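Okay, model-v7.cif now, which holds mmCIF, C-alpha atoms and all ligand atoms:
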```cif
data_protein
loop_
_atom_site.label_atom_id
_atom_site.label_comp_id
_atom_site.auth_asym_id
_atom_site.auth_seq_id
_atom_site.Cartn_x
_atom_site.Cartn_y
_atom_site.Cartn_z
CA MET A 1 85.64 98.14 123.47
CA ASN A 2 82.90 95.50 123.57
CA GLU A 3 82.64 93.95 120.11
CA ALA A 4 79.02 92.96 120.75
CA LEU A 5 78.13 96.64 121.03
CA ILE A 6 79.49 97.47 117.60
CA ILE A 7 76.70 97.13 115.14
CA PRO A 8 77.84 96.39 111.60
CA LYS A 9 75.15 98.82 110.44
CA GLU A 10 77.02 101.56 112.31
CA ILE A 11 80.15 100.81 110.26
CA ARG A 12 78.10 101.29 107.09
CA ARG A 13 76.66 104.56 108.36
CA ILE A 14 80.09 105.99 109.20
CA ALA A 15 81.56 104.73 105.92
CA LYS A 16 78.80 106.45 103.98
CA GLU A 17 79.14 109.66 106.00
CA LYS A 18 82.90 109.76 105.36
CA GLY A 19 82.64 108.77 101.69
CA TYR A 20 84.11 105.25 101.82
CA MET A 21 83.18 102.40 99.52
CA ILE A 22 83.60 99.06 101.33
CA ILE A 23 85.14 96.25 99.31
CA ALA A 24 85.53 92.74 100.78
CA HIS A 25 87.06 89.48 99.62
CA ASN A 26 84.95 86.30 99.61
CA TYR A 27 87.00 84.88 102.51
CA GLN A 28 85.98 87.58 105.00
CA VAL A 29 83.68 86.66 107.89
CA SER A 30 79.99 86.89 107.03
CA GLU A 31 79.36 90.02 109.18
CA LEU A 32 81.94 91.90 107.11
CA GLN A 33 80.66 90.52 103.80
CA GLU A 34 77.22 91.80 104.85
CA ILE A 35 78.36 95.42 105.21
CA ALA A 36 80.41 95.53 101.99
CA ASP A 37 79.31 97.33 98.82
CA ILE A 38 81.26 94.84 96.72
CA VAL A 39 82.22 91.26 97.61
CA GLY A 40 84.21 89.09 95.23
CA ASP A 41 87.32 87.17 94.30
CA SER A 42 90.58 88.76 93.15
CA LEU A 43 89.47 89.14 89.54
CA GLN A 44 86.09 90.64 90.42
CA LEU A 45 87.76 93.01 92.88
CA ALA A 46 90.37 94.04 90.29
CA VAL A 47 87.71 94.71 87.65
CA HIS A 48 85.50 96.65 90.08
CA ALA A 49 88.54 98.56 91.33
CA THR A 50 88.99 100.16 87.90
CA LYS A 51 85.46 101.61 88.04
CA ILE A 52 85.21 102.99 91.58
CA LYS A 53 83.81 106.51 91.78
CA THR A 54 84.36 107.33 95.48
CA GLU A 55 87.66 108.87 96.57
CA LYS A 56 88.06 106.55 99.56
CA ILE A 57 88.00 102.77 99.87
CA LEU A 58 87.85 100.60 102.98
CA PHE A 59 89.29 97.26 101.90
CA LEU A 60 88.69 93.99 103.77
CA GLY A 61 91.10 91.26 102.73
CA VAL A 62 94.88 90.84 102.90
CA ASP A 63 97.74 93.17 102.00
CA PHE A 64 98.51 92.12 98.41
CA MET A 65 94.86 92.72 97.45
CA ALA A 66 94.79 96.15 99.10
CA GLU A 67 98.03 97.03 97.29
CA MET A 68 96.59 96.00 93.94
CA ILE A 69 93.53 98.16 94.54
CA LYS A 70 95.89 101.05 95.35
CA VAL A 71 97.85 100.41 92.13
CA LEU A 72 94.60 100.59 90.15
CA ASN A 73 93.47 103.68 92.08
CA ALA A 74 96.65 105.67 92.68
CA GLU A 75 94.84 108.89 93.63
CA LYS A 76 92.41 107.28 96.08
CA LYS A 77 92.78 106.75 99.81
CA ILE A 78 92.72 103.03 100.64
CA ILE A 79 92.45 101.95 104.28
CA VAL A 80 92.53 98.49 105.87
CA PRO A 81 91.52 97.42 109.41
CA GLU A 82 94.59 95.28 110.14
CA ARG A 83 98.00 96.03 108.68
CA SER A 84 99.42 92.62 109.54
CA ALA A 85 96.82 90.71 107.46
CA SER A 86 99.21 89.26 104.91
CA CYS A 87 99.50 86.16 102.70
CA PRO A 88 102.29 83.65 103.43
CA MET A 89 102.13 82.37 99.84
CA ALA A 90 102.62 85.86 98.39
CA VAL A 91 105.89 86.31 100.27
CA SER A 92 107.18 82.82 99.42
CA LEU A 93 108.65 84.01 96.12
CA SER A 94 111.70 86.27 96.22
CA ARG A 95 113.12 88.71 93.72
CA ASP A 96 116.27 86.56 93.43
CA GLU A 97 114.28 83.41 92.62
CA ILE A 98 112.42 85.21 89.84
CA ALA A 99 115.68 86.66 88.45
CA GLU A 100 117.31 83.21 88.55
CA ALA A 101 114.36 81.55 86.78
CA LYS A 102 114.35 84.25 84.09
CA LYS A 103 118.08 83.73 83.58
CA ASN A 104 117.61 79.98 83.10
CA HIS A 105 114.53 80.07 80.86
CA GLU A 106 113.62 82.18 77.84
CA ALA A 107 110.00 82.36 78.87
CA PRO A 108 107.52 84.97 80.07
CA PHE A 109 106.80 85.14 83.78
CA VAL A 110 103.11 84.92 84.71
CA ALA A 111 102.51 86.17 88.25
CA TYR A 112 99.51 84.87 90.14
CA VAL A 113 97.71 87.84 91.66
CA ASN A 114 98.36 86.33 95.11
CA SER A 115 101.88 87.76 95.07
CA THR A 116 103.77 90.80 96.30
CA LEU A 117 103.88 94.06 94.38
CA GLU A 118 107.56 93.42 93.70
CA THR A 119 106.70 90.06 92.10
CA LYS A 120 104.00 91.66 89.93
CA ALA A 121 106.46 94.38 88.91
CA MET A 122 108.84 91.68 87.61
CA ALA A 123 106.08 89.85 85.72
CA ASP A 124 105.19 89.93 82.04
CA VAL A 125 101.56 89.46 82.90
CA VAL A 126 99.41 88.93 86.00
CA CYS A 127 96.59 86.37 86.28
CA THR A 128 93.98 85.38 88.85
CA SER A 129 92.66 81.91 89.67
CA ALA A 130 89.60 82.75 87.54
CA ASN A 131 91.58 83.51 84.38
CA ALA A 132 94.97 81.75 84.82
CA VAL A 133 94.15 79.09 82.21
CA GLU A 134 92.87 81.70 79.75
CA VAL A 135 95.83 84.07 80.24
CA VAL A 136 98.42 81.30 79.73
CA SER A 137 96.50 79.93 76.71
CA LEU A 138 96.48 83.38 75.11
CA LEU A 139 100.26 83.78 75.30
CA ASP A 140 102.12 82.70 72.15
CA ASP A 141 104.80 80.95 74.20
CA THR A 142 104.69 77.21 74.87
CA THR A 143 106.82 77.53 78.03
CA VAL A 144 105.95 79.94 80.85
CA LEU A 145 107.29 80.62 84.32
CA PHE A 146 104.45 80.69 86.82
CA GLY A 147 104.43 81.62 90.49
CA PRO A 148 104.11 81.53 93.36
CA ASP A 149 101.43 78.79 93.56
CA LYS A 150 102.73 75.37 92.47
CA ASN A 151 99.23 73.82 92.58
CA LEU A 152 97.69 76.45 90.34
CA ALA A 153 100.72 76.04 88.05
CA SER A 154 100.05 72.31 87.77
CA TYR A 155 96.33 72.96 87.10
CA VAL A 156 97.24 75.44 84.32
CA ARG A 157 99.72 72.91 82.87
CA GLU A 158 97.01 70.23 82.86
CA LYS A 159 94.45 72.53 81.18
CA THR A 160 96.68 74.24 78.60
CA GLY A 161 99.15 71.43 77.81
CA LYS A 162 101.93 74.05 78.00
CA ASN A 163 105.21 73.68 79.84
CA VAL A 164 104.34 75.63 83.00
CA ILE A 165 107.38 75.93 85.25
CA PRO A 166 106.47 76.71 88.88
CA ILE A 167 108.61 79.20 90.76
CA PRO A 168 109.67 78.96 93.56
CA GLY A 169 108.60 75.30 93.14
CA GLU A 170 107.75 73.11 96.12
CA SER A 171 107.72 75.97 98.64
CA GLY A 172 105.07 77.99 96.77
CA TYR A 173 101.58 77.13 98.01
CA CYS A 174 98.63 78.38 100.03
CA TYR A 175 98.62 76.55 103.36
CA VAL A 176 94.81 76.65 103.53
CA HIS A 177 94.37 74.82 100.22
CA ASP A 178 97.56 72.75 100.06
CA ARG A 179 97.14 71.16 103.49
CA VAL A 180 93.50 70.18 103.06
CA CYS A 181 92.91 66.59 104.10
CA LEU A 182 91.25 64.28 101.57
CA ASP A 183 89.80 62.12 104.38
CA GLU A 184 87.97 65.14 105.80
CA ILE A 185 86.40 65.79 102.39
CA LEU A 186 85.48 62.12 101.90
CA ARG A 187 83.90 62.00 105.35
CA ILE A 188 81.65 64.95 104.43
CA LYS A 189 80.84 63.15 101.19
CA GLU A 190 79.86 60.03 103.15
CA GLN A 191 77.40 62.11 105.17
CA HIS A 192 76.04 63.84 102.06
CA PRO A 193 76.42 61.34 99.22
CA ASN A 194 74.45 63.48 96.73
CA ALA A 195 76.65 66.52 97.21
CA LEU A 196 79.02 67.56 94.43
CA ILE A 197 82.58 68.45 95.41
CA MET A 198 83.69 71.93 94.23
CA ALA A 199 87.40 72.68 94.70
CA HIS A 200 89.61 75.71 94.21
CA PRO A 201 92.58 75.19 91.82
CA GLU A 202 94.98 76.04 94.67
CA VAL A 203 94.37 72.51 96.05
CA PRO A 204 96.80 69.70 95.15
CA GLU A 205 96.20 67.49 92.11
CA SER A 206 95.07 64.57 94.32
CA ILE A 207 92.14 66.66 95.64
CA ARG A 208 91.30 68.02 92.19
CA GLY A 209 91.07 64.42 91.01
CA GLU A 210 88.32 63.70 93.55
CA SER A 211 86.36 66.84 92.67
CA ASP A 212 83.33 67.25 90.41
CA PHE A 213 84.20 70.86 89.64
CA VAL A 214 87.40 72.92 89.87
CA GLY A 215 87.23 76.70 89.73
CA SER A 216 87.91 80.03 91.39
CA THR A 217 85.47 81.33 94.00
CA SER A 218 83.59 83.40 91.38
CA GLN A 219 83.32 80.30 89.19
CA MET A 220 82.11 78.30 92.21
CA GLU A 221 79.38 80.88 92.64
CA GLU A 222 78.23 80.31 89.05
CA PHE A 223 78.51 76.51 89.02
CA PRO A 224 75.28 75.70 91.00
CA LYS A 225 73.25 77.61 88.37
CA ARG A 226 74.30 75.01 85.81
CA SER A 227 73.82 72.03 88.12
CA ASN A 228 70.64 70.14 88.97
CA ARG A 229 72.06 69.10 92.37
CA ASP A 230 71.09 70.88 95.58
CA GLU A 231 74.09 70.01 97.76
CA PHE A 232 77.74 71.01 97.38
CA ILE A 233 80.93 70.45 99.37
CA VAL A 234 83.02 73.62 99.19
CA VAL A 235 86.75 72.92 99.13
CA THR A 236 88.11 76.40 99.69
CA GLU A 237 88.39 78.88 102.54
CA ILE A 238 85.39 78.57 104.86
CA GLY A 239 84.24 82.20 104.30
CA MET A 240 83.09 81.28 100.79
CA VAL A 241 80.32 79.08 102.16
CA GLU A 242 78.36 82.07 103.51
CA ARG A 243 78.66 83.77 100.14
CA LEU A 244 77.32 80.69 98.34
CA LYS A 245 74.42 80.29 100.77
CA LYS A 246 73.43 83.89 100.15
CA ALA A 247 73.74 83.54 96.38
CA HIS A 248 71.75 80.28 96.22
CA PRO A 249 69.04 80.24 98.89
CA GLY A 250 67.41 76.83 99.25
CA ARG A 251 70.57 74.94 98.33
CA LYS A 252 73.00 73.41 100.80
CA PHE A 253 76.72 74.12 100.99
CA PHE A 254 79.03 72.21 103.32
CA ALA A 255 82.30 73.72 104.53
CA VAL A 256 85.57 71.88 105.07
CA GLU A 257 85.93 73.17 108.63
CA SER A 258 89.74 73.01 108.72
CA MET A 259 90.08 75.42 105.78
CA ILE A 260 90.53 78.71 107.60
CA CYS A 261 92.88 81.48 106.52
CA THR A 262 93.94 83.07 109.79
CA ASP A 263 95.20 86.16 107.96
CA MET A 264 91.84 86.81 106.31
CA LYS A 265 90.22 86.45 109.72
CA LEU A 266 92.41 89.17 111.27
CA ASN A 267 89.79 91.65 110.03
CA THR A 268 86.97 91.82 112.56
CA VAL A 269 83.87 93.94 113.10
CA GLN A 270 85.76 95.66 115.90
CA ASN A 271 88.90 96.70 114.01
CA THR A 272 86.84 97.57 110.92
CA PHE A 273 84.83 99.96 113.10
CA CYS A 274 88.08 101.53 114.38
CA ALA A 275 89.48 101.74 110.84
CA VAL A 276 86.55 103.64 109.43
CA SER A 277 86.04 105.80 112.54
CA GLU A 278 89.68 106.90 112.65
CA GLU A 279 90.31 106.53 108.90
CA ARG A 280 93.29 104.23 109.41
CA TRP A 281 95.46 102.31 108.26
CA GLU A 282 96.28 103.85 104.93
CA ILE A 283 97.97 101.77 102.21
CA ALA A 284 100.99 103.27 100.47
CA VAL A 285 102.96 101.70 97.61
CA SER A 286 106.21 102.56 95.89
CA GLU A 287 105.46 104.57 92.72
CA GLU A 288 108.14 102.73 90.77
CA LEU A 289 106.82 99.27 91.69
CA ALA A 290 103.24 100.39 91.15
CA LYS A 291 104.06 101.53 87.60
CA GLU A 292 105.66 98.21 86.68
CA ALA A 293 102.96 96.15 88.39
CA ARG A 294 100.29 98.17 86.59
CA ARG A 295 101.89 97.29 83.26
CA ALA A 296 101.59 93.55 84.05
CA ILE A 297 98.03 93.92 85.38
CA ASP A 298 96.98 95.92 82.28
CA ARG A 299 98.46 93.19 80.06
CA MET A 300 96.06 90.75 81.77
CA PHE A 301 93.10 93.05 81.05
CA ASP A 302 94.29 93.53 77.43
CA LEU A 303 94.61 89.77 76.82
CA MET A 304 91.15 89.15 78.23
CA GLU A 305 89.67 91.99 76.20
CA SER A 306 91.26 90.73 72.97
CA ALA A 307 89.87 87.24 73.65
CA ARG A 308 86.41 88.69 74.35
CA VAL A 309 86.44 90.67 71.08
CA GLU A 310 87.51 87.60 69.10
CA LYS A 311 84.65 85.44 70.48
S1 LIG B 401 93.66 81.83 101.61
FE1 LIG B 401 95.77 81.24 101.07
S2 LIG B 401 96.29 82.49 99.26
FE2 LIG B 401 94.48 83.43 100.27
S3 LIG B 401 95.36 84.96 101.67
FE3 LIG B 401 95.08 83.07 102.86
S4 LIG B 401 97.08 82.05 102.70
FE4 LIG B 401 97.04 83.59 101.08
#
```

Entire entry expressed as structure tokens:
Amino acid sequence: MNEALIIPKEIRRIAKEKGYMIIAHNYQVSELQEIADIVGDSLQLAVHATKIKTEKILFLGVDFMAEMIKVLNAEKKIIVPERSASCPMAVSLSRDEIAEAKKNHEAPFVAYVNSTLETKAMADVVCTSANAVEVVSLLDDTTVLFGPDKNLASYVREKTGKNVIPIPGESGYCYVHDRVCLDEILRIKEQHPNALIMAHPEVPESIRGESDFVGSTSQMEEFPKRSNRDEFIVVTEIGMVERLKKAHPGRKFFAVESMICTDMKLNTVQNTFCAVSEERWEIAVSEELAKEARRAIDRMFDLMESARVEK
């Protein structure tokens, strides 16, 4: 099949005809973001996922996100274009490591949403990069277990002042954000000295220290509205740059070209066309794990709701 012949508009037409809502993560290629009904970060996708009216969803992202949407929509049919689109960080934390950490510490386990269903099922509460600081602040405990991202754990520790213990520790990180090279960012800054540096909290502390703003992708989208600058260096997966350009026409956003998640890019116009045409590949989750994961996800929603009511 010649990819050039597949018109993204055709994917939308078929999706509509077959009753699919298209949901895409911010890190998808721009052609796929263009055809989606909803584009967002993990928190936005989770919130939207609780309100979806259609019976079928075509999800464009990686497996743990598709599974969470399935958990929140047990009766719906969820399909993805590429079954092997996974997240190396999510699988870096094992059941045994969580059990061991729980045995050694009397503390709740906060699972970052970028984790497997099994990890979420073992958690006391789930969080996203947009609300990790808020969720941990709202817990009564002064010590929490947090995983799998060690960099987000250190950011939450810095912001809350709590004893945030990362599990699995040094081996828990996102390769896209953890391996980013400071020199590459500083070189972009040299070329655009007026640009502000916006970084995702999955980056290491050394990069956060050089940044003007640290936040999730949804928070990055909001930040330019509060800034009088017109140029921004975007220190997260390259797909986010297209989203920002669309959200803020007239402003300039510079990508860190090395920040590419190869798993997110496994979804293409071609395999998305095949997915919706043939209504494949359907996501299935274990009922038992889904029930336990749902409990931890609902706790996140409850904590956020209680904080909203108190404000
Ligand atoms: S960007 Fe990082 S955390 Fe997100 S899916 Fe890719 S590897 Fe996983």

Counting all atoms listed in the file, name the residues that have an atom within 7 Å of an atom of ligand LIG 401 (chain B); the answer should be given as a CSV table (one decimal) with C-alpha atoms, keeping the file's coordinate frame.
```
chain,number,residue,atom,x,y,z
A,62,VAL,CA,94.9,90.8,102.9
A,86,SER,CA,99.2,89.3,104.9
A,87,CYS,CA,99.5,86.2,102.7
A,88,PRO,CA,102.3,83.6,103.4
A,89,MET,CA,102.1,82.4,99.8
A,90,ALA,CA,102.6,85.9,98.4
A,114,ASN,CA,98.4,86.3,95.1
A,174,CYS,CA,98.6,78.4,100.0
A,175,TYR,CA,98.6,76.6,103.4
A,176,VAL,CA,94.8,76.6,103.5
A,177,HIS,CA,94.4,74.8,100.2
A,237,GLU,CA,88.4,78.9,102.5
A,261,CYS,CA,92.9,81.5,106.5
A,263,ASP,CA,95.2,86.2,108.0
A,264,MET,CA,91.8,86.8,106.3
```

> Taking only C-alpha atoms into account, which of A:Gln191, A:Asn271, A:Glu221, A:Gln44 comes nearest A:Glu82?
Replying inline: A:Asn271

>> For stretch 205-211 of chain A, find every residue with an atom within 12 Å (counting all atoms listed in the file), except residues of its own chain fewer than 4 positions away, and show them as a PyMOL selection string.
In response: chain A and resi 150-158+177-186+189+195-201+215+232-236

With a distance cut-off of 8 Å and only C-alpha atoms, select the neighbouring residues of A:Ser42, excluding the residue or stretch itself and same-chain residues fewer than 2 positions from it, and output the selection as an mmCIF file with C-alpha atoms, keeping the file's coordinate frame.
```cif
data_model
loop_
_atom_site.group_PDB
_atom_site.id
_atom_site.type_symbol
_atom_site.label_atom_id
_atom_site.label_comp_id
_atom_site.auth_asym_id
_atom_site.auth_seq_id
_atom_site.Cartn_x
_atom_site.Cartn_y
_atom_site.Cartn_z
ATOM 1 C CA HIS A 25 87.060 89.480 99.620
ATOM 2 C CA GLY A 40 84.210 89.090 95.230
ATOM 3 C CA GLN A 44 86.090 90.640 90.420
ATOM 4 C CA LEU A 45 87.760 93.010 92.880
ATOM 5 C CA ALA A 46 90.370 94.040 90.290
ATOM 6 C CA MET A 65 94.860 92.720 97.450
ATOM 7 C CA VAL A 113 97.710 87.840 91.660
ATOM 8 C CA THR A 128 93.980 85.380 88.850
ATOM 9 C CA SER A 129 92.660 81.910 89.670
#
```

>> Using only C-alpha atoms, list the residues that have an atom at most 12 Å from (79.4, 101.4, 103.5), coordinates as in the file, as number ranges by chain.
In response: A: 8-24, 32-38, 54, 56-60, 272-273, 276

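Residues of protein, DNA and RNA with at least one atom no farther than 8 Å from (95.0, 100.3, 101.9) are, using all atoms listed in the file, Ile57, Leu58, Phe59, Asp63, Ala66, Glu67, Ile69, Lys70, Lys77, Ile78, Ile79, Val80, Trp281, Glu282, Ile283 and Ala284 of chain A.
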
How would the residues just picked look written out with C-alpha atoms as a PDB file, in the frame of the given file?
```pdb
ATOM      1  CA  ILE A  57      88.000 102.770  99.870  1.00  0.00           C
ATOM      2  CA  LEU A  58      87.850 100.600 102.980  1.00  0.00           C
ATOM      3  CA  PHE A  59      89.290  97.260 101.900  1.00  0.00           C
ATOM      4  CA  ASP A  63      97.740  93.170 102.000  1.00  0.00           C
ATOM      5  CA  ALA A  66      94.790  96.150  99.100  1.00  0.00           C
ATOM      6  CA  GLU A  67      98.030  97.030  97.290  1.00  0.00           C
ATOM      7  CA  ILE A  69      93.530  98.160  94.540  1.00  0.00           C
ATOM      8  CA  LYS A  70      95.890 101.050  95.350  1.00  0.00           C
ATOM      9  CA  LYS A  77      92.780 106.750  99.810  1.00  0.00           C
ATOM     10  CA  ILE A  78      92.720 103.030 100.640  1.00  0.00           C
ATOM     11  CA  ILE A  79      92.450 101.950 104.280  1.00  0.00           C
ATOM     12  CA  VAL A  80      92.530  98.490 105.870  1.00  0.00           C
ATOM     13  CA  TRP A 281      95.460 102.310 108.260  1.00  0.00           C
ATOM     14  CA  GLU A 282      96.280 103.850 104.930  1.00  0.00           C
ATOM     15  CA  ILE A 283      97.970 101.770 102.210  1.00  0.00           C
ATOM     16  CA  ALA A 284     100.990 103.270 100.470  1.00  0.00           C
TER      17      ALA A 284
END
```

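Relative to atom CA of A:Ile165, atom CA of A:Arg294 is found at 23.4 Å.
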
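Atom CA of A:Leu117 sits 7.0 Å away from atom CA of A:Phe64.
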
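You can rank A:His248, A:Lys225, A:Lys311, A:Arg243 by their closest distance to A:Asn26 using all atoms listed in the file, and at the top of that list sits A:Arg243.
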
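Our summary of the geometry notes that atom CA of A:Val125 is positioned 8.0 Å from atom CA of A:Pro108.
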
Contacts between stretch 141-149 of chain A and stretch 153-175 of chain A, please, where a residue of stretch 153-175 of chain A counts if it comes within 8 Å (with only C-alpha atoms); show its shortest atom pair and distance in Å to one decimal, rows by chain and ascending number, as a Markdown table.
```
| residue | atom | partner | partner_atom | distance |
| --- | --- | --- | --- | --- |
| A:Ala153 | CA | A:Phe146 | CA | 6.1 |
| A:Lys162 | CA | A:Thr142 | CA | 5.2 |
| A:Asn163 | CA | A:Thr143 | CA | 4.5 |
| A:Val164 | CA | A:Val144 | CA | 5.1 |
| A:Ile165 | CA | A:Leu145 | CA | 4.8 |
| A:Pro166 | CA | A:Phe146 | CA | 4.9 |
| A:Ile167 | CA | A:Gly147 | CA | 4.8 |
| A:Pro168 | CA | A:Pro148 | CA | 6.1 |
| A:Gly169 | CA | A:Pro148 | CA | 7.7 |
| A:Gly172 | CA | A:Asp149 | CA | 4.9 |
| A:Tyr173 | CA | A:Asp149 | CA | 4.8 |
| A:Cys174 | CA | A:Asp149 | CA | 7.1 |
```

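Here the question is which of A:Met240, A:Ala275, A:Val256, A:Val126 gets nearest to A:Ile188 using only C-alpha atoms, and that residue is A:Val256.
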
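Restricting the calculation to only C-alpha atoms, the smallest distance between A:Thr119 and any of A:Asp41, A:Glu97, A:Glu310, A:Glu242 is found for A:Glu97.
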
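Each of A:Val269, A:Cys127, A:Ala49, A:Ala85 was checked against A:Leu72 using all atoms listed in the file; the smallest atom-to-atom distance is that of A:Ala49.
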
What would stretch 197-212 of chain A look like with N, CA and C atoms restored, written as a compact mmCIF listing (two decimals), keeping the file's coordinate frame?
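Result file follows (out.txt):
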```txt
# COMPACT_ATOMS: atom_id res chain seq x y z
N ILE A 197 81.39 67.82 94.80
CA ILE A 197 82.58 68.45 95.41
C ILE A 197 83.10 69.55 94.46
N MET A 198 83.14 70.80 95.00
CA MET A 198 83.69 71.93 94.23
C MET A 198 85.02 72.32 94.89
N ALA A 199 86.09 72.36 94.10
CA ALA A 199 87.40 72.68 94.70
C ALA A 199 88.06 73.84 93.99
N HIS A 200 88.84 74.59 94.75
CA HIS A 200 89.61 75.71 94.21
C HIS A 200 90.88 75.15 93.56
N PRO A 201 91.37 75.74 92.46
CA PRO A 201 92.58 75.19 91.82
C PRO A 201 93.86 75.34 92.64
N GLU A 202 93.79 75.99 93.80
CA GLU A 202 94.98 76.04 94.67
C GLU A 202 95.15 74.73 95.45
N VAL A 203 94.21 73.80 95.34
CA VAL A 203 94.37 72.51 96.05
C VAL A 203 95.30 71.61 95.23
N PRO A 204 95.91 70.61 95.88
CA PRO A 204 96.80 69.70 95.15
C PRO A 204 96.02 68.84 94.13
N GLU A 205 96.78 68.30 93.19
CA GLU A 205 96.20 67.49 92.11
C GLU A 205 95.35 66.34 92.66
N SER A 206 95.81 65.72 93.76
CA SER A 206 95.07 64.57 94.32
C SER A 206 93.65 64.97 94.73
N ILE A 207 93.47 66.18 95.23
CA ILE A 207 92.14 66.66 95.64
C ILE A 207 91.33 67.04 94.40
N ARG A 208 92.02 67.66 93.43
CA ARG A 208 91.30 68.02 92.19
C ARG A 208 90.72 66.77 91.54
N GLY A 209 91.50 65.69 91.61
CA GLY A 209 91.07 64.42 91.01
C GLY A 209 89.80 63.85 91.62
N GLU A 210 89.53 64.20 92.86
CA GLU A 210 88.32 63.70 93.55
C GLU A 210 87.15 64.66 93.41
N SER A 211 87.38 65.79 92.71
CA SER A 211 86.36 66.84 92.67
C SER A 211 85.49 66.76 91.42
N ASP A 212 84.24 67.21 91.56
CA ASP A 212 83.33 67.25 90.41
C ASP A 212 83.51 68.53 89.63
```
